[in-house]
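Text of entry.txt (compact mmCIF, N, CA and C atoms and all ligand atoms) as supplied:
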# COMPACT_ATOMS: atom_id res chain seq x y z
N MET A 1 41.04 -12.17 45.30
CA MET A 1 41.64 -12.22 46.62
C MET A 1 43.03 -12.83 46.52
N SER A 2 43.94 -12.33 47.33
CA SER A 2 45.28 -12.89 47.30
C SER A 2 45.79 -13.06 48.72
N VAL A 3 46.73 -13.95 48.84
CA VAL A 3 47.39 -14.18 50.11
C VAL A 3 48.82 -13.71 49.92
N SER A 4 49.21 -12.71 50.66
CA SER A 4 50.55 -12.16 50.46
C SER A 4 51.62 -13.07 51.03
N GLY A 5 52.69 -13.22 50.29
CA GLY A 5 53.81 -14.01 50.79
C GLY A 5 54.54 -13.22 51.87
N GLU A 6 55.10 -13.94 52.80
CA GLU A 6 55.86 -13.27 53.84
C GLU A 6 57.27 -13.01 53.31
N SER A 7 57.93 -12.06 53.97
CA SER A 7 59.24 -11.67 53.47
C SER A 7 60.34 -12.70 53.77
N LYS A 8 60.06 -13.57 54.75
CA LYS A 8 61.09 -14.58 55.07
C LYS A 8 61.26 -15.54 53.88
N LYS A 9 62.39 -16.20 53.89
CA LYS A 9 62.73 -17.10 52.80
C LYS A 9 61.70 -18.22 52.69
N TYR A 10 61.29 -18.51 51.47
CA TYR A 10 60.35 -19.60 51.25
C TYR A 10 61.12 -20.91 51.22
N GLU A 11 60.75 -21.84 52.11
CA GLU A 11 61.58 -23.02 52.29
C GLU A 11 61.02 -24.29 51.65
N LYS A 12 59.84 -24.18 51.04
CA LYS A 12 59.27 -25.38 50.43
C LYS A 12 59.75 -25.50 48.98
N ALA A 13 59.62 -26.69 48.47
CA ALA A 13 60.03 -26.93 47.08
C ALA A 13 59.20 -26.06 46.15
N LEU A 14 59.85 -25.46 45.17
CA LEU A 14 59.15 -24.61 44.22
C LEU A 14 59.07 -25.31 42.87
N PRO A 15 58.02 -25.00 42.12
CA PRO A 15 57.93 -25.60 40.78
C PRO A 15 59.06 -25.10 39.90
N GLU A 16 59.47 -25.94 39.00
CA GLU A 16 60.51 -25.57 38.05
C GLU A 16 59.84 -24.90 36.85
N VAL A 17 60.29 -23.69 36.55
CA VAL A 17 59.72 -22.97 35.41
C VAL A 17 60.60 -23.21 34.19
N ASN A 18 59.99 -23.69 33.13
CA ASN A 18 60.71 -23.88 31.87
C ASN A 18 59.91 -23.22 30.75
N PRO A 19 60.42 -23.19 29.54
CA PRO A 19 59.71 -22.48 28.47
C PRO A 19 58.27 -22.97 28.25
N VAL A 20 58.02 -24.23 28.55
CA VAL A 20 56.66 -24.78 28.34
C VAL A 20 55.71 -24.33 29.45
N THR A 21 56.21 -24.33 30.69
CA THR A 21 55.33 -23.99 31.81
C THR A 21 55.32 -22.50 32.14
N LYS A 22 56.27 -21.74 31.55
CA LYS A 22 56.38 -20.33 31.90
C LYS A 22 55.07 -19.53 31.71
N PRO A 23 54.34 -19.73 30.60
CA PRO A 23 53.08 -18.97 30.46
C PRO A 23 52.13 -19.21 31.63
N PHE A 24 52.05 -20.47 32.09
CA PHE A 24 51.18 -20.77 33.23
C PHE A 24 51.60 -19.96 34.46
N TRP A 25 52.90 -20.00 34.77
CA TRP A 25 53.39 -19.32 35.97
C TRP A 25 53.32 -17.81 35.82
N ASP A 26 53.53 -17.29 34.61
CA ASP A 26 53.39 -15.84 34.38
C ASP A 26 51.95 -15.39 34.66
N HIS A 27 50.98 -16.19 34.21
CA HIS A 27 49.58 -15.86 34.46
C HIS A 27 49.27 -15.93 35.96
N CYS A 28 49.83 -16.93 36.63
CA CYS A 28 49.62 -17.04 38.09
C CYS A 28 50.15 -15.80 38.79
N LYS A 29 51.28 -15.31 38.32
CA LYS A 29 51.88 -14.12 38.91
C LYS A 29 50.93 -12.93 38.76
N ALA A 30 50.18 -12.91 37.68
CA ALA A 30 49.17 -11.87 37.46
C ALA A 30 47.84 -12.24 38.13
N HIS A 31 47.86 -13.31 38.93
CA HIS A 31 46.69 -13.80 39.65
C HIS A 31 45.55 -14.21 38.72
N GLU A 32 45.96 -14.91 37.67
CA GLU A 32 44.98 -15.48 36.74
C GLU A 32 45.35 -16.94 36.50
N LEU A 33 44.32 -17.77 36.37
CA LEU A 33 44.54 -19.19 36.12
C LEU A 33 44.28 -19.48 34.63
N TRP A 34 45.31 -19.94 33.94
CA TRP A 34 45.19 -20.26 32.51
C TRP A 34 45.59 -21.71 32.31
N MET A 35 45.00 -22.31 31.31
CA MET A 35 45.31 -23.70 31.03
C MET A 35 45.37 -23.92 29.52
N GLN A 36 46.10 -24.95 29.13
CA GLN A 36 46.18 -25.26 27.70
C GLN A 36 44.96 -26.06 27.26
N PHE A 37 44.58 -25.80 26.02
CA PHE A 37 43.44 -26.50 25.42
C PHE A 37 43.85 -26.93 24.01
N CYS A 38 43.57 -28.18 23.66
CA CYS A 38 43.88 -28.62 22.29
C CYS A 38 42.63 -28.44 21.44
N GLU A 39 42.74 -27.55 20.46
CA GLU A 39 41.59 -27.26 19.59
C GLU A 39 41.32 -28.40 18.62
N SER A 40 42.28 -29.27 18.46
CA SER A 40 42.10 -30.40 17.57
C SER A 40 41.32 -31.52 18.28
N CYS A 41 41.66 -31.76 19.53
CA CYS A 41 41.01 -32.84 20.30
C CYS A 41 39.84 -32.34 21.15
N ASN A 42 39.72 -31.00 21.29
CA ASN A 42 38.71 -30.45 22.19
C ASN A 42 38.93 -30.92 23.62
N GLU A 43 40.19 -30.94 24.02
CA GLU A 43 40.52 -31.42 25.36
C GLU A 43 41.43 -30.46 26.08
N TRP A 44 41.22 -30.36 27.40
CA TRP A 44 42.13 -29.58 28.23
C TRP A 44 43.41 -30.37 28.44
N ILE A 45 44.50 -29.64 28.57
CA ILE A 45 45.79 -30.29 28.81
C ILE A 45 46.34 -29.77 30.13
N TRP A 46 46.61 -30.66 31.02
CA TRP A 46 47.19 -30.31 32.31
C TRP A 46 48.05 -31.46 32.74
N TYR A 47 49.25 -31.21 33.11
CA TYR A 47 50.07 -30.05 33.29
C TYR A 47 50.54 -29.51 31.92
N PRO A 48 51.01 -28.23 31.83
CA PRO A 48 51.39 -27.69 30.52
C PRO A 48 52.39 -28.59 29.78
N LYS A 49 52.14 -28.76 28.50
CA LYS A 49 52.99 -29.63 27.69
C LYS A 49 53.36 -28.92 26.38
N ALA A 50 54.44 -29.38 25.77
CA ALA A 50 54.92 -28.78 24.52
C ALA A 50 54.05 -29.24 23.34
N TRP A 51 53.43 -30.42 23.47
CA TRP A 51 52.53 -30.90 22.44
C TRP A 51 51.38 -31.65 23.09
N CYS A 52 50.30 -31.80 22.35
CA CYS A 52 49.11 -32.45 22.90
C CYS A 52 49.37 -33.93 23.15
N PRO A 53 49.11 -34.43 24.37
CA PRO A 53 49.35 -35.85 24.65
C PRO A 53 48.41 -36.78 23.89
N SER A 54 47.30 -36.25 23.38
CA SER A 54 46.36 -37.09 22.64
C SER A 54 46.71 -37.17 21.16
N CYS A 55 46.91 -36.00 20.51
CA CYS A 55 47.11 -36.02 19.06
C CYS A 55 48.55 -35.70 18.66
N GLY A 56 49.36 -35.27 19.61
CA GLY A 56 50.76 -35.01 19.30
C GLY A 56 51.04 -33.70 18.60
N LYS A 57 49.98 -32.91 18.34
CA LYS A 57 50.19 -31.63 17.64
C LYS A 57 50.64 -30.55 18.61
N ARG A 58 51.45 -29.63 18.09
CA ARG A 58 51.85 -28.46 18.87
C ARG A 58 50.96 -27.27 18.54
N GLU A 59 50.64 -27.15 17.25
CA GLU A 59 49.99 -25.93 16.77
C GLU A 59 48.52 -25.84 17.19
N SER A 60 47.94 -26.95 17.65
CA SER A 60 46.53 -26.91 18.05
C SER A 60 46.37 -26.53 19.52
N ILE A 61 47.49 -26.32 20.21
CA ILE A 61 47.41 -25.97 21.63
C ILE A 61 47.27 -24.45 21.80
N LYS A 62 46.22 -24.06 22.51
CA LYS A 62 46.00 -22.64 22.80
C LYS A 62 45.87 -22.46 24.32
N TRP A 63 46.32 -21.32 24.81
CA TRP A 63 46.14 -21.01 26.23
C TRP A 63 44.78 -20.35 26.42
N SER A 64 44.10 -20.72 27.49
CA SER A 64 42.76 -20.21 27.73
C SER A 64 42.62 -19.81 29.21
N LYS A 65 41.98 -18.68 29.46
CA LYS A 65 41.79 -18.22 30.84
C LYS A 65 40.63 -18.95 31.49
N MET A 66 40.87 -19.45 32.70
CA MET A 66 39.84 -20.19 33.43
C MET A 66 39.14 -19.26 34.42
N THR A 67 37.92 -19.64 34.80
CA THR A 67 37.20 -18.82 35.78
C THR A 67 37.83 -18.94 37.17
N GLY A 68 38.53 -20.05 37.41
CA GLY A 68 39.12 -20.27 38.73
C GLY A 68 38.11 -20.85 39.71
N LYS A 69 36.92 -21.14 39.22
CA LYS A 69 35.89 -21.74 40.07
C LYS A 69 35.82 -23.24 39.82
N GLY A 70 35.48 -23.97 40.87
CA GLY A 70 35.38 -25.41 40.70
C GLY A 70 34.75 -26.04 41.92
N THR A 71 34.79 -27.37 41.93
CA THR A 71 34.27 -28.12 43.08
C THR A 71 35.32 -29.14 43.51
N VAL A 72 35.21 -29.53 44.77
CA VAL A 72 36.13 -30.53 45.29
C VAL A 72 35.69 -31.89 44.77
N TYR A 73 36.55 -32.53 43.98
CA TYR A 73 36.24 -33.85 43.41
C TYR A 73 36.65 -34.93 44.42
N SER A 74 37.79 -34.73 45.03
CA SER A 74 38.22 -35.57 46.15
C SER A 74 39.30 -34.81 46.90
N TYR A 75 39.60 -35.26 48.07
CA TYR A 75 40.64 -34.57 48.83
C TYR A 75 41.24 -35.52 49.85
N THR A 76 42.38 -35.13 50.36
CA THR A 76 43.00 -35.92 51.39
C THR A 76 43.58 -34.98 52.44
N VAL A 77 43.57 -35.41 53.67
CA VAL A 77 44.13 -34.61 54.76
C VAL A 77 45.54 -35.11 55.03
N ILE A 78 46.50 -34.21 54.87
CA ILE A 78 47.89 -34.58 55.12
C ILE A 78 48.19 -34.36 56.61
N ARG A 79 48.48 -35.45 57.31
CA ARG A 79 48.72 -35.36 58.75
C ARG A 79 50.18 -35.64 59.10
N GLN A 80 50.92 -36.09 58.12
CA GLN A 80 52.30 -36.45 58.37
C GLN A 80 53.10 -36.17 57.11
N VAL A 81 54.27 -35.57 57.27
CA VAL A 81 55.13 -35.32 56.12
C VAL A 81 56.31 -36.26 56.23
N VAL A 82 56.46 -37.13 55.26
CA VAL A 82 57.50 -38.15 55.38
C VAL A 82 58.81 -37.77 54.70
N ASP A 83 58.76 -36.75 53.83
CA ASP A 83 60.03 -36.39 53.18
C ASP A 83 60.82 -35.46 54.10
N ASN A 84 61.89 -34.93 53.59
CA ASN A 84 62.78 -34.15 54.45
C ASN A 84 62.51 -32.65 54.37
N SER A 85 61.26 -32.26 54.20
CA SER A 85 60.99 -30.82 54.15
C SER A 85 60.28 -30.36 55.42
N PRO A 86 61.05 -29.96 56.40
CA PRO A 86 60.47 -29.50 57.67
C PRO A 86 59.56 -28.29 57.49
N ALA A 87 59.70 -27.60 56.34
CA ALA A 87 58.89 -26.41 56.10
C ALA A 87 57.40 -26.74 56.11
N PHE A 88 57.06 -27.98 55.76
CA PHE A 88 55.65 -28.36 55.72
C PHE A 88 55.11 -28.73 57.10
N GLN A 89 56.03 -29.04 58.03
CA GLN A 89 55.60 -29.55 59.33
C GLN A 89 54.63 -28.60 60.03
N SER A 90 54.91 -27.29 59.93
CA SER A 90 54.07 -26.33 60.65
C SER A 90 52.68 -26.20 60.03
N ASP A 91 52.50 -26.72 58.82
CA ASP A 91 51.20 -26.62 58.15
C ASP A 91 50.27 -27.77 58.54
N ILE A 92 50.82 -28.81 59.08
CA ILE A 92 50.05 -30.03 59.35
C ILE A 92 48.96 -29.80 60.39
N PRO A 93 47.73 -30.26 60.26
CA PRO A 93 47.28 -30.94 59.04
C PRO A 93 46.88 -29.96 57.95
N PHE A 94 47.06 -30.34 56.69
CA PHE A 94 46.58 -29.51 55.59
C PHE A 94 45.90 -30.37 54.54
N LEU A 95 45.15 -29.72 53.68
CA LEU A 95 44.33 -30.45 52.71
C LEU A 95 44.89 -30.33 51.30
N ILE A 96 44.97 -31.46 50.63
CA ILE A 96 45.28 -31.48 49.20
C ILE A 96 44.02 -31.99 48.51
N GLY A 97 43.55 -31.23 47.53
CA GLY A 97 42.32 -31.62 46.86
C GLY A 97 42.53 -31.85 45.38
N LEU A 98 41.67 -32.69 44.82
CA LEU A 98 41.58 -32.78 43.38
C LEU A 98 40.38 -31.91 43.02
N ILE A 99 40.67 -30.77 42.40
CA ILE A 99 39.64 -29.78 42.11
C ILE A 99 39.15 -29.95 40.69
N GLU A 100 37.86 -30.11 40.53
CA GLU A 100 37.29 -30.15 39.19
C GLU A 100 36.88 -28.73 38.82
N LEU A 101 37.60 -28.16 37.87
CA LEU A 101 37.31 -26.79 37.46
C LEU A 101 36.00 -26.73 36.70
N GLU A 102 35.39 -25.55 36.75
CA GLU A 102 34.12 -25.32 36.08
C GLU A 102 34.15 -25.79 34.61
N GLU A 103 35.31 -25.61 33.98
CA GLU A 103 35.45 -25.95 32.56
C GLU A 103 35.66 -27.44 32.32
N GLY A 104 35.89 -28.20 33.41
CA GLY A 104 36.02 -29.65 33.24
C GLY A 104 37.30 -30.30 33.73
N PRO A 105 38.46 -29.69 33.46
CA PRO A 105 39.69 -30.38 33.88
C PRO A 105 39.86 -30.42 35.38
N ARG A 106 40.61 -31.39 35.85
CA ARG A 106 40.86 -31.55 37.29
C ARG A 106 42.33 -31.31 37.59
N ILE A 107 42.56 -30.53 38.63
CA ILE A 107 43.95 -30.29 39.04
C ILE A 107 44.10 -30.50 40.54
N TYR A 108 45.29 -30.97 40.93
CA TYR A 108 45.61 -31.10 42.34
C TYR A 108 46.07 -29.76 42.88
N SER A 109 45.61 -29.41 44.07
CA SER A 109 46.05 -28.16 44.67
C SER A 109 45.77 -28.21 46.17
N ASN A 110 46.32 -27.24 46.88
CA ASN A 110 46.00 -27.09 48.30
C ASN A 110 44.59 -26.54 48.43
N ILE A 111 43.87 -27.02 49.43
CA ILE A 111 42.61 -26.40 49.81
C ILE A 111 42.89 -25.71 51.15
N LEU A 112 42.73 -24.39 51.17
CA LEU A 112 43.10 -23.62 52.36
C LEU A 112 41.95 -23.58 53.36
N GLU A 113 41.56 -24.76 53.81
CA GLU A 113 40.49 -24.87 54.80
C GLU A 113 40.90 -25.92 55.81
N LYS A 114 40.25 -25.89 56.97
CA LYS A 114 40.52 -26.91 58.00
C LYS A 114 39.85 -28.23 57.64
N GLU A 115 38.72 -28.13 56.95
CA GLU A 115 38.05 -29.34 56.49
C GLU A 115 37.36 -29.08 55.17
N SER A 116 37.00 -30.14 54.49
CA SER A 116 36.38 -29.99 53.19
C SER A 116 35.41 -31.15 52.97
N HIS A 117 34.60 -31.03 51.95
CA HIS A 117 33.68 -32.11 51.60
C HIS A 117 33.66 -32.23 50.08
N ILE A 118 33.46 -33.43 49.60
CA ILE A 118 33.33 -33.62 48.16
C ILE A 118 32.13 -32.84 47.67
N GLY A 119 32.34 -32.08 46.61
CA GLY A 119 31.26 -31.26 46.08
C GLY A 119 31.28 -29.82 46.55
N ASP A 120 32.12 -29.51 47.55
CA ASP A 120 32.23 -28.12 48.01
C ASP A 120 32.63 -27.21 46.84
N GLU A 121 31.98 -26.05 46.78
CA GLU A 121 32.35 -25.08 45.75
C GLU A 121 33.57 -24.30 46.24
N VAL A 122 34.57 -24.24 45.39
CA VAL A 122 35.81 -23.55 45.75
C VAL A 122 36.21 -22.60 44.62
N GLU A 123 37.10 -21.68 44.97
CA GLU A 123 37.65 -20.80 43.94
C GLU A 123 39.13 -20.57 44.21
N VAL A 124 39.82 -20.23 43.14
CA VAL A 124 41.27 -20.11 43.23
C VAL A 124 41.65 -18.84 43.99
N VAL A 125 42.71 -18.94 44.77
CA VAL A 125 43.36 -17.78 45.37
C VAL A 125 44.84 -17.93 45.04
N PHE A 126 45.56 -16.84 45.06
CA PHE A 126 46.95 -16.90 44.65
C PHE A 126 47.86 -16.50 45.80
N GLU A 127 48.88 -17.30 46.01
CA GLU A 127 49.84 -17.02 47.07
C GLU A 127 51.18 -16.69 46.43
N ASP A 128 51.60 -15.42 46.58
CA ASP A 128 52.89 -14.99 46.05
C ASP A 128 53.97 -15.49 46.99
N VAL A 129 54.63 -16.57 46.63
CA VAL A 129 55.58 -17.17 47.56
C VAL A 129 57.01 -16.64 47.39
N THR A 130 57.37 -16.25 46.18
CA THR A 130 58.65 -15.59 45.93
C THR A 130 58.39 -14.50 44.90
N GLY A 131 59.43 -13.77 44.53
CA GLY A 131 59.28 -12.75 43.50
C GLY A 131 58.92 -13.36 42.15
N GLU A 132 59.25 -14.62 41.99
CA GLU A 132 59.04 -15.28 40.70
C GLU A 132 57.82 -16.19 40.67
N ILE A 133 57.54 -16.80 41.80
CA ILE A 133 56.52 -17.86 41.81
C ILE A 133 55.30 -17.47 42.64
N THR A 134 54.16 -17.63 42.02
CA THR A 134 52.86 -17.47 42.68
C THR A 134 52.14 -18.80 42.52
N LEU A 135 51.69 -19.35 43.65
CA LEU A 135 51.03 -20.66 43.60
C LEU A 135 49.52 -20.51 43.64
N PRO A 136 48.81 -21.23 42.74
CA PRO A 136 47.35 -21.24 42.83
C PRO A 136 46.90 -22.23 43.89
N LYS A 137 46.02 -21.78 44.76
CA LYS A 137 45.44 -22.65 45.79
C LYS A 137 43.94 -22.40 45.80
N PHE A 138 43.22 -23.19 46.57
CA PHE A 138 41.75 -23.04 46.54
C PHE A 138 41.16 -22.84 47.92
N LYS A 139 40.11 -22.04 47.95
CA LYS A 139 39.35 -21.76 49.17
C LYS A 139 37.88 -21.97 48.89
N LYS A 140 37.13 -22.23 49.95
CA LYS A 140 35.67 -22.33 49.81
C LYS A 140 35.13 -21.02 49.28
N LYS A 141 34.18 -21.13 48.36
CA LYS A 141 33.56 -19.94 47.80
C LYS A 141 32.69 -19.27 48.86
N GLY A 142 32.71 -17.96 48.83
CA GLY A 142 31.79 -17.27 49.72
C GLY A 142 32.43 -16.17 50.48
ZN ZN A 201 45.17 -32.82 20.61

Mind converting the file's structure to C-alpha cells?
Amino acid sequence: MSVSGESKKYEKALPEVNPVTKPFWDHCKAHELWMQFCESCNEWIWYPKAWCPSCGKRESIKWSKMTGKGTVYSYTVIRQVVDNSPAFQSDIPFLIGLIELEEGPRIYSNILEKESHIGDEVEVVFEDVTGEITLPKFKKKG
C-alpha cells in the first residue's frame, strides 16, 4: 500500500541523502524497507552508517530487506510544534512511534493513526513526498 504525494510543494524538512544513506532511500523509493546488518556482530544497524558502531568494520555490513511488520514499542502524541515549520501545524495532533520491527531493531517513525497502543501490530507504508524522497511510515495492520 502506498500514500501518494500531492503535487504541491513539500514544505517539511527532508532527510539528507548521502552516499551512506542513499541505499536506504533508494529502497524506500521502491517501497521496500531495508536495513544494515553487521554479520560480524550479528546486530542491526540503524540509522545507516559507513561502519559498524560496535566493531568498527565496514566489510561486515550487509543490506537486508525487512518485512516492514512490527509492533508499537512506545509512542507519543505530538500536540504542539515548537519549531518554525508551519507545515506540521495542519497535521496536529499526530503520532510518533518507536516501532519494534519483526526482525528486532527499533526505529522512530510516524504512525498514521488517530490513536495507538503499545503492542499494536503495524506495518510500513510509503509516502512519496518528492520525486527523490519516499518516507516510510506505519499504519495499523489489517
Ligand atoms: Zn559489527

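Among the candidate residues A:Gly56, A:Pro23, A:Gly131, A:Pro48, the one lying nearest to ligand ZN 201 (chain A) is A:Gly56, with distances computed using all atoms listed in the file.
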
Minimum-distance residue to ligand ZN 201 (chain A), chosen among A:Trp63, A:Phe126, A:Tyr47, A:Phe37 (using all atoms listed in the file):
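Nearest candidate to ligand ZN 201 (chain A) out of A:Trp63, A:Phe126, A:Tyr47, A:Phe37: A:Phe37.
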
Show me, as a list in words, the residues that have an atom within 7 Å of region 72-82 of chain A when counting only N, CA and C atoms, minus same-chain residues fewer than 5 positions from it.
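The residues satisfying every condition are Phe88, Gln89, Ile92, Pro93, Phe94, Leu95, Ile96, Gly97, Leu98, Ile99, Glu100, His117, Ile118, Gly119, Asp120, Glu121 and Val122 of chain A.
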
Could you give me, as a ChimeraX atom specification, every polymer residue with an atom at most 9 Å away from an atom of ligand ZN 201 (chain A), counting only C-alpha atoms and all ligand atoms?
/A:37-45,51-58,60-61

Which parts of chain A does DSSP call strand (DSSP E) when run on the backbone here, written out as a tab-separated table (two decimals) with N, CA and C atoms, in the frame of the given file?
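Wrote result31.tsv, looks like this:
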chain	number	residue	atom	x	y	z
A	2	SER	N	43.94	-12.33	47.33
A	2	SER	CA	45.28	-12.89	47.30
A	2	SER	C	45.79	-13.06	48.72
A	3	VAL	N	46.73	-13.95	48.84
A	3	VAL	CA	47.39	-14.18	50.11
A	3	VAL	C	48.82	-13.71	49.92
A	34	TRP	N	45.31	-19.94	33.94
A	34	TRP	CA	45.19	-20.26	32.51
A	34	TRP	C	45.59	-21.71	32.31
A	35	MET	N	45.00	-22.31	31.31
A	35	MET	CA	45.31	-23.70	31.03
A	35	MET	C	45.37	-23.92	29.52
A	36	GLN	N	46.10	-24.95	29.13
A	36	GLN	CA	46.18	-25.26	27.70
A	36	GLN	C	44.96	-26.06	27.26
A	37	PHE	N	44.58	-25.80	26.02
A	37	PHE	CA	43.44	-26.50	25.42
A	37	PHE	C	43.85	-26.93	24.01
A	38	CYS	N	43.57	-28.18	23.66
A	38	CYS	CA	43.88	-28.62	22.29
A	38	CYS	C	42.63	-28.44	21.44
A	43	GLU	N	40.19	-30.94	24.02
A	43	GLU	CA	40.52	-31.42	25.36
A	43	GLU	C	41.43	-30.46	26.08
A	44	TRP	N	41.22	-30.36	27.40
A	44	TRP	CA	42.13	-29.58	28.23
A	44	TRP	C	43.41	-30.37	28.44
A	45	ILE	N	44.50	-29.64	28.57
A	45	ILE	CA	45.79	-30.29	28.81
A	45	ILE	C	46.34	-29.77	30.13
A	61	ILE	N	47.49	-26.32	20.21
A	61	ILE	CA	47.41	-25.97	21.63
A	61	ILE	C	47.27	-24.45	21.80
A	62	LYS	N	46.22	-24.06	22.51
A	62	LYS	CA	46.00	-22.64	22.80
A	62	LYS	C	45.87	-22.46	24.32
A	63	TRP	N	46.32	-21.32	24.81
A	63	TRP	CA	46.14	-21.01	26.23
A	63	TRP	C	44.78	-20.35	26.42
A	64	SER	N	44.10	-20.72	27.49
A	64	SER	CA	42.76	-20.21	27.73
A	64	SER	C	42.62	-19.81	29.21
A	65	LYS	N	41.98	-18.68	29.46
A	65	LYS	CA	41.79	-18.22	30.84
A	65	LYS	C	40.63	-18.95	31.49
A	69	LYS	N	36.92	-21.14	39.22
A	69	LYS	CA	35.89	-21.74	40.07
A	69	LYS	C	35.82	-23.24	39.82
A	70	GLY	N	35.48	-23.97	40.87
A	70	GLY	CA	35.38	-25.41	40.70
A	70	GLY	C	34.75	-26.04	41.92
A	71	THR	N	34.79	-27.37	41.93
A	71	THR	CA	34.27	-28.12	43.08
A	71	THR	C	35.32	-29.14	43.51
A	72	VAL	N	35.21	-29.53	44.77
A	72	VAL	CA	36.13	-30.53	45.29
A	72	VAL	C	35.69	-31.89	44.77
A	73	TYR	N	36.55	-32.53	43.98
A	73	TYR	CA	36.24	-33.85	43.41
A	73	TYR	C	36.65	-34.93	44.42
A	74	SER	N	37.79	-34.73	45.03
A	74	SER	CA	38.22	-35.57	46.15
A	74	SER	C	39.30	-34.81	46.90
A	75	TYR	N	39.60	-35.26	48.07
A	75	TYR	CA	40.64	-34.57	48.83
A	75	TYR	C	41.24	-35.52	49.85
A	76	THR	N	42.38	-35.13	50.36
A	76	THR	CA	43.00	-35.92	51.39
A	76	THR	C	43.58	-34.98	52.44
A	77	VAL	N	43.57	-35.41	53.67
A	77	VAL	CA	44.13	-34.61	54.76
A	77	VAL	C	45.54	-35.11	55.03
A	78	ILE	N	46.50	-34.21	54.87
A	78	ILE	CA	47.89	-34.58	55.12
A	78	ILE	C	48.19	-34.36	56.61
A	94	PHE	N	47.06	-30.34	56.69
A	94	PHE	CA	46.58	-29.51	55.59
A	94	PHE	C	45.90	-30.37	54.54
A	95	LEU	N	45.15	-29.72	53.68
A	95	LEU	CA	44.33	-30.45	52.71
A	95	LEU	C	44.89	-30.33	51.30
A	96	ILE	N	44.97	-31.46	50.63
A	96	ILE	CA	45.28	-31.48	49.20
A	96	ILE	C	44.02	-31.99	48.51
A	97	GLY	N	43.55	-31.23	47.53
A	97	GLY	CA	42.32	-31.62	46.86
A	97	GLY	C	42.53	-31.85	45.38
A	98	LEU	N	41.67	-32.69	44.82
A	98	LEU	CA	41.58	-32.78	43.38
A	98	LEU	C	40.38	-31.91	43.02
A	99	ILE	N	40.67	-30.77	42.40
A	99	ILE	CA	39.64	-29.78	42.11
A	99	ILE	C	39.15	-29.95	40.69
A	100	GLU	N	37.86	-30.11	40.53
A	100	GLU	CA	37.29	-30.15	39.19
A	100	GLU	C	36.88	-28.73	38.82
A	101	LEU	N	37.60	-28.16	37.87
A	101	LEU	CA	37.31	-26.79	37.46
A	101	LEU	C	36.00	-26.73	36.70
A	106	ARG	N	40.61	-31.39	35.85
A	106	ARG	CA	40.86	-31.55	37.29
A	106	ARG	C	42.33	-31.31	37.59
A	107	ILE	N	42.56	-30.53	38.63
A	107	ILE	CA	43.95	-30.29	39.04
A	107	ILE	C	44.10	-30.50	40.54
A	108	TYR	N	45.29	-30.97	40.93
A	108	TYR	CA	45.61	-31.10	42.34
A	108	TYR	C	46.07	-29.76	42.88
A	109	SER	N	45.61	-29.41	44.07
A	109	SER	CA	46.05	-28.16	44.67
A	109	SER	C	45.77	-28.21	46.17
A	110	ASN	N	46.32	-27.24	46.88
A	110	ASN	CA	46.00	-27.09	48.30
A	110	ASN	C	44.59	-26.54	48.43
A	111	ILE	N	43.87	-27.02	49.43
A	111	ILE	CA	42.61	-26.40	49.81
A	111	ILE	C	42.89	-25.71	51.15
A	121	GLU	N	31.98	-26.05	46.78
A	121	GLU	CA	32.35	-25.08	45.75
A	121	GLU	C	33.57	-24.30	46.24
A	122	VAL	N	34.57	-24.24	45.39
A	122	VAL	CA	35.81	-23.55	45.75
A	122	VAL	C	36.21	-22.60	44.62
A	123	GLU	N	37.10	-21.68	44.97
A	123	GLU	CA	37.65	-20.80	43.94
A	123	GLU	C	39.13	-20.57	44.21
A	124	VAL	N	39.82	-20.23	43.14
A	124	VAL	CA	41.27	-20.11	43.23
A	124	VAL	C	41.65	-18.84	43.99
A	125	VAL	N	42.71	-18.94	44.77
A	125	VAL	CA	43.36	-17.78	45.37
A	125	VAL	C	44.84	-17.93	45.04
A	126	PHE	N	45.56	-16.84	45.06
A	126	PHE	CA	46.95	-16.90	44.65
A	126	PHE	C	47.86	-16.50	45.80
A	127	GLU	N	48.88	-17.30	46.01
A	127	GLU	CA	49.84	-17.02	47.07
A	127	GLU	C	51.18	-16.69	46.43
A	128	ASP	N	51.60	-15.42	46.58
A	128	ASP	CA	52.89	-14.99	46.05
A	128	ASP	C	53.97	-15.49	46.99
A	134	THR	N	54.16	-17.63	42.02
A	134	THR	CA	52.86	-17.47	42.68
A	134	THR	C	52.14	-18.80	42.52
A	135	LEU	N	51.69	-19.35	43.65
A	135	LEU	CA	51.03	-20.66	43.60
A	135	LEU	C	49.52	-20.51	43.64
A	136	PRO	N	48.81	-21.23	42.74
A	136	PRO	CA	47.35	-21.24	42.83
A	136	PRO	C	46.90	-22.23	43.89
A	137	LYS	N	46.02	-21.78	44.76
A	137	LYS	CA	45.44	-22.65	45.79
A	137	LYS	C	43.94	-22.40	45.80
A	138	PHE	N	43.22	-23.19	46.57
A	138	PHE	CA	41.75	-23.04	46.54
A	138	PHE	C	41.16	-22.84	47.92
A	139	LYS	N	40.11	-22.04	47.95
A	139	LYS	CA	39.35	-21.76	49.17
A	139	LYS	C	37.88	-21.97	48.89
A	140	LYS	N	37.13	-22.23	49.95
A	140	LYS	CA	35.67	-22.33	49.81
A	140	LYS	C	35.13	-21.02	49.28

What's around Glu103 (chain A) at 7 Å? Count only N, CA and C atoms, leave out sequence neighbours fewer than 3 positions away in its own chain, and write the answer as a CSV table (one decimal) with N, CA and C atoms, keeping the file's coordinate frame.
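The resulting file, out_0.csv, is shown below:
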chain,number,residue,atom,x,y,z
A,67,THR,N,37.9,-19.6,34.8
A,67,THR,CA,37.2,-18.8,35.8
A,67,THR,C,37.8,-18.9,37.2
A,69,LYS,N,36.9,-21.1,39.2
A,69,LYS,CA,35.9,-21.7,40.1
A,69,LYS,C,35.8,-23.2,39.8
A,70,GLY,N,35.5,-24.0,40.9
A,70,GLY,CA,35.4,-25.4,40.7
A,70,GLY,C,34.8,-26.0,41.9
A,100,GLU,N,37.9,-30.1,40.5
A,100,GLU,CA,37.3,-30.2,39.2
A,100,GLU,C,36.9,-28.7,38.8

Contact residues around Lys139 (chain A) with all atoms listed in the file at 8 Å, ignoring same-chain residues under 4 positions, as a ChimeraX atom specification
/A:110-113,120-125

Would you give me, as a Markdown table, each residue of region 99-142 of chain A having an atom within 8 Å of an atom of region 26-32 of chain A, along with its shortest atom pair and that distance in Å to one decimal, using all atoms listed in the file and sorting by chain and residue number?
| residue | atom | partner | partner_atom | distance |
| --- | --- | --- | --- | --- |
| A:Val125 | C | A:His31 | CA | 7.0 |
| A:Phe126 | CA | A:His31 | CA | 5.9 |
| A:Glu127 | N | A:Cys28 | C | 7.5 |
| A:Asp128 | CA | A:Lys29 | CA | 7.3 |
| A:Gly131 | C | A:Lys29 | CA | 7.8 |
| A:Glu132 | C | A:Lys29 | CA | 6.5 |
| A:Ile133 | C | A:Lys29 | CA | 6.1 |
| A:Thr134 | CA | A:Cys28 | C | 5.0 |
| A:Leu135 | N | A:Cys28 | C | 6.2 |
| A:Pro136 | N | A:Cys28 | CA | 6.3 |
